[in-house]
Amino acid sequence: MTTQPAPVADDTELLLHEIRDEANSLAHHPVEEIRRLAHVAAEGDSPTTPLLVTLGVIGAVAVILLLMLTVVLLVYYYG
């Protein structure tokens, strides 16, 4: 049984509804959803595209900073 989406009143509610749907899909099927979101961000048609791109950039920067911090701490304590 599928549920019908609630009617959306304005753009803010539409954006929040899409973000909830994206998060729900990401939690249930992460690999497929990441591939789909990369395609959605590349097209740029969705209202969530700026959020997707921002989260992608933040994630990449966080990984780089974490690696740098790891190297610095290893050099400090063992070097």
# chains A, B, ... in the order shown; residues from 1 in each chain; ligands from 1
call {"tool": "select_by_dssp", "arguments": {"residues": "stretch 4-38 of chain A", "states": "helix (DSSP H, G or I)", "output": "number ranges by chain"}}
result
A: 11-28, 30-38
call {"tool": "atom_distance", "arguments": {"atom1": "atom CA of A:Ala23", "atom2": "atom CA of A:Gly56"}}
result
14.2 Å
call {"tool": "residues_around", "arguments": {"residues": "A:Val53", "least_positions_apart": "5", "cutoff": "9 Å", "atoms": "only C-alpha atoms", "output": "VMD selection string"}}
result
chain A and resid 38 41 48 58
call {"tool": "atom_distance", "arguments": {"atom1": "atom CA of A:Leu74", "atom2": "atom CA of A:Ala62"}}
result
18.2 Å
call {"tool": "atom_distance", "arguments": {"atom1": "atom CA of A:Thr70", "atom2": "atom CA of A:Val57"}}
result
20.0 Å
call {"tool": "closest_residue", "arguments": {"among": "A:Leu37, A:Glu43, A:Met68, A:Leu52", "to": "A:Ser25", "atoms": "only C-alpha atoms"}}
result
A:Leu37
